[in-house]
Amino acid sequence: MCTDDDATDAARLLAEHKLPALLVVDRDGQPYAIVPGSQLIAQLLPEFVLEDPLLAAVIDDRELDEVPGKLAGLTVAEWLPRRRFRPPTVGPDASVIHIAALMARTHTPLVAVVERDGDQPRLAGVVTAAWSCSS
């Protein structure tokens, strides 16, 4: 998602694809921020619920009906938490173990893959920490 994209579209993308985090790029397509889904969700919750978790147990889920309205008219940049994290990056030839170690060290489920196009870096893709369990 780009900083100028619609926040509602970003939330929909995050939910529909069950993404662990959102990689946001700037207008030039450069990695701008990585935001775990939990932080984006926190932006949508009423402040009093975050301050007193006991209230969350007694509040009706109808509060969630207001979520689309909170995002209406916002860009992704406006929706991002004040504290944003620069996404860790690797080159296209990075090994799986290198990427896994970077995820572990930076506590992030996404790593941006950036390649050089002359002097300009270009986002080539994203690697996610996806786990699959079966019983």
# chains A, B, ... in the order shown; residues from 1 in each chain; ligands from 1
$ residues_around --residues "Ala72 (chain A)" --least-positions-apart "3" --cutoff "12 Å" --atoms "only C-alpha atoms" --output "list of chain:residue names"
A:Asp5, A:Asp6, A:Ala7, A:Thr8, A:Asp9, A:Ala10, A:Ala11, A:Leu44, A:Glu66, A:Val67, A:Pro68, A:Gly69, A:Thr75, A:Val76, A:Glu78, A:Trp79
$ residues_around --residues "Pro87 (chain A)" --least-positions-apart "5" --cutoff "10 Å" --atoms "only C-alpha atoms" --output "list of chain:residue names"
A:Leu22, A:Leu23, A:Val24, A:Val25, A:Pro31, A:Tyr32, A:Ala33, A:Ile34, A:Val35, A:Thr106, A:Thr108, A:Pro109, A:Leu110, A:Val111, A:Ala112, A:Val113
$ closest_residue --among "A:Leu55, A:Pro36, A:Met1, A:Pro20" --to "Phe85 (chain A)" --atoms "only C-alpha atoms"
A:Pro36
$ closest_residue --among "A:Asp28, A:Glu51, A:Asp4, A:Glu115" --to "Gly91 (chain A)" --atoms "only C-alpha atoms"
A:Glu115
$ closest_residue --among "A:Leu40, A:Ala94, A:Ala57, A:Ala15" --to "Pro81 (chain A)" --atoms "only C-alpha atoms"
A:Leu40
$ select_by_dssp --residues "chain A" --states "strand (DSSP E)" --output "ChimeraX atom specification"
/A:21-25,31-36,89-90,110-117,120-128
$ closest_residue --among "A:Val90, A:Leu80, A:Leu71, A:Val58" --to "Gln39 (chain A)" --atoms "only C-alpha atoms"
A:Leu80
$ closest_residue --among "A:Leu19, A:Gly29, A:Ser95, A:Glu47" --to "Leu123 (chain A)" --atoms "only C-alpha atoms"
A:Gly29
$ atom_distance --atom1 "CA of Ala129 (chain A)" --atom2 "CA of Ile97 (chain A)"
12.0 Å
$ select_by_dssp --residues "region 8-104 of chain A" --states "helix (DSSP H, G or I)" --output "short mmCIF file (atom, residue, chain, number, x, y, z; two decimals) with N, CA and C atoms, in the first residue's frame"
data_model
loop_
_atom_site.label_atom_id
_atom_site.label_comp_id
_atom_site.auth_asym_id
_atom_site.auth_seq_id
_atom_site.Cartn_x
_atom_site.Cartn_y
_atom_site.Cartn_z
N THR A 8 -9.34 2.67 4.06
CA THR A 8 -10.35 1.61 4.04
C THR A 8 -9.88 0.46 3.17
N ASP A 9 -9.27 0.78 2.03
CA ASP A 9 -8.74 -0.27 1.15
C ASP A 9 -7.62 -1.03 1.83
N ALA A 10 -6.79 -0.33 2.58
CA ALA A 10 -5.68 -0.97 3.29
C ALA A 10 -6.21 -1.93 4.35
N ALA A 11 -7.23 -1.50 5.09
CA ALA A 11 -7.82 -2.35 6.12
C ALA A 11 -8.45 -3.59 5.49
N ARG A 12 -9.10 -3.40 4.37
CA ARG A 12 -9.74 -4.52 3.67
C ARG A 12 -8.67 -5.51 3.20
N LEU A 13 -7.58 -5.01 2.64
CA LEU A 13 -6.48 -5.86 2.18
C LEU A 13 -5.89 -6.66 3.34
N LEU A 14 -5.67 -6.00 4.44
CA LEU A 14 -5.11 -6.64 5.63
C LEU A 14 -6.01 -7.77 6.11
N ALA A 15 -7.32 -7.51 6.15
CA ALA A 15 -8.27 -8.51 6.65
C ALA A 15 -8.50 -9.65 5.66
N GLU A 16 -8.74 -9.31 4.39
CA GLU A 16 -9.07 -10.34 3.40
C GLU A 16 -7.93 -11.32 3.16
N GLY A 37 -0.46 -5.67 12.12
CA GLY A 37 -1.91 -5.55 12.13
C GLY A 37 -2.46 -5.16 13.48
N SER A 38 -1.82 -5.64 14.55
CA SER A 38 -2.30 -5.32 15.90
C SER A 38 -2.24 -3.81 16.17
N GLN A 39 -1.24 -3.13 15.62
CA GLN A 39 -1.15 -1.68 15.83
C GLN A 39 -2.19 -0.94 15.01
N LEU A 40 -2.48 -1.45 13.82
CA LEU A 40 -3.52 -0.82 13.01
C LEU A 40 -4.89 -1.00 13.65
N ILE A 41 -5.12 -2.19 14.19
CA ILE A 41 -6.38 -2.45 14.88
C ILE A 41 -6.52 -1.52 16.08
N ALA A 42 -5.43 -1.31 16.80
CA ALA A 42 -5.47 -0.43 17.98
C ALA A 42 -5.91 0.98 17.60
N GLN A 43 -5.58 1.42 16.39
CA GLN A 43 -5.98 2.75 15.93
C GLN A 43 -7.50 2.85 15.77
N LEU A 44 -8.17 1.70 15.64
CA LEU A 44 -9.61 1.71 15.40
C LEU A 44 -10.44 1.56 16.67
N GLU A 47 -10.50 4.72 22.62
CA GLU A 47 -9.38 4.96 23.54
C GLU A 47 -9.65 4.37 24.93
N PHE A 48 -10.89 4.48 25.40
CA PHE A 48 -11.18 4.00 26.75
C PHE A 48 -11.02 2.48 26.86
N VAL A 49 -11.19 1.74 25.76
CA VAL A 49 -11.00 0.29 25.78
C VAL A 49 -9.52 -0.04 25.91
N LEU A 50 -8.69 0.75 25.26
CA LEU A 50 -7.24 0.52 25.35
C LEU A 50 -6.72 0.86 26.74
N GLU A 51 -7.31 1.87 27.36
CA GLU A 51 -6.87 2.28 28.69
C GLU A 51 -7.32 1.33 29.78
N PRO A 53 -8.69 -2.48 29.83
CA PRO A 53 -9.07 -3.71 29.13
C PRO A 53 -10.31 -4.39 29.71
N LEU A 54 -10.65 -4.15 30.96
CA LEU A 54 -11.85 -4.75 31.54
C LEU A 54 -13.11 -4.26 30.83
N LEU A 55 -13.05 -3.03 30.32
CA LEU A 55 -14.21 -2.50 29.59
C LEU A 55 -14.46 -3.28 28.30
N ALA A 56 -13.40 -3.80 27.70
CA ALA A 56 -13.56 -4.55 26.46
C ALA A 56 -14.42 -5.79 26.66
N ALA A 57 -14.41 -6.33 27.86
CA ALA A 57 -15.19 -7.54 28.15
C ALA A 57 -16.68 -7.25 28.28
N VAL A 58 -17.03 -6.01 28.55
CA VAL A 58 -18.44 -5.70 28.77
C VAL A 58 -19.07 -4.87 27.65
N ASP A 61 -20.11 -5.88 20.76
CA ASP A 61 -19.37 -5.85 19.50
C ASP A 61 -19.97 -4.87 18.49
N ARG A 62 -21.11 -4.30 18.80
CA ARG A 62 -21.71 -3.31 17.90
C ARG A 62 -20.80 -2.09 17.74
N GLU A 63 -19.87 -1.91 18.69
CA GLU A 63 -18.89 -0.82 18.57
C GLU A 63 -18.12 -0.94 17.26
N LEU A 64 -17.95 -2.19 16.78
CA LEU A 64 -17.20 -2.42 15.55
C LEU A 64 -17.91 -1.87 14.32
N ASP A 65 -19.22 -1.64 14.44
CA ASP A 65 -19.97 -1.07 13.32
C ASP A 65 -19.46 0.32 12.95
N GLU A 66 -18.80 0.99 13.89
CA GLU A 66 -18.30 2.33 13.65
C GLU A 66 -16.95 2.35 12.96
N VAL A 67 -16.31 1.19 12.83
CA VAL A 67 -14.96 1.13 12.27
C VAL A 67 -14.87 1.72 10.86
N PRO A 68 -15.75 1.33 9.92
CA PRO A 68 -15.63 1.92 8.58
C PRO A 68 -15.71 3.45 8.59
N GLY A 69 -16.52 4.00 9.47
CA GLY A 69 -16.64 5.45 9.56
C GLY A 69 -15.37 6.11 10.05
N LYS A 70 -14.62 5.42 10.91
CA LYS A 70 -13.37 5.98 11.43
C LYS A 70 -12.31 6.07 10.34
N LEU A 71 -12.41 5.22 9.33
CA LEU A 71 -11.41 5.21 8.26
C LEU A 71 -11.82 6.08 7.06
N VAL A 76 -3.66 6.13 4.01
CA VAL A 76 -2.88 5.17 4.80
C VAL A 76 -1.94 5.92 5.73
N ALA A 77 -1.30 6.98 5.24
CA ALA A 77 -0.36 7.76 6.07
C ALA A 77 -1.07 8.35 7.28
N GLU A 78 -2.31 8.79 7.12
CA GLU A 78 -3.06 9.37 8.23
C GLU A 78 -3.51 8.30 9.23
N TRP A 79 -3.67 7.07 8.76
CA TRP A 79 -4.12 5.97 9.61
C TRP A 79 -2.97 5.36 10.41
N VAL A 96 17.14 -17.73 2.82
CA VAL A 96 16.02 -17.90 3.72
C VAL A 96 16.48 -17.71 5.17
N ILE A 97 17.62 -18.26 5.51
CA ILE A 97 18.11 -18.15 6.88
C ILE A 97 18.45 -16.70 7.23
N HIS A 98 18.98 -15.95 6.26
CA HIS A 98 19.27 -14.53 6.47
C HIS A 98 17.97 -13.76 6.74
N ILE A 99 16.95 -14.03 5.94
CA ILE A 99 15.66 -13.35 6.10
C ILE A 99 15.02 -13.72 7.43
N ALA A 100 15.06 -15.02 7.78
CA ALA A 100 14.48 -15.48 9.05
C ALA A 100 15.19 -14.83 10.23
N ALA A 101 16.52 -14.75 10.16
CA ALA A 101 17.28 -14.13 11.25
C ALA A 101 16.95 -12.64 11.36
N LEU A 102 16.77 -11.98 10.22
CA LEU A 102 16.41 -10.56 10.22
C LEU A 102 15.03 -10.35 10.84
N MET A 103 14.08 -11.22 10.50
CA MET A 103 12.74 -11.13 11.10
C MET A 103 12.81 -11.32 12.61
N ALA A 104 13.59 -12.30 13.04
CA ALA A 104 13.71 -12.56 14.47
C ALA A 104 14.38 -11.40 15.19
#
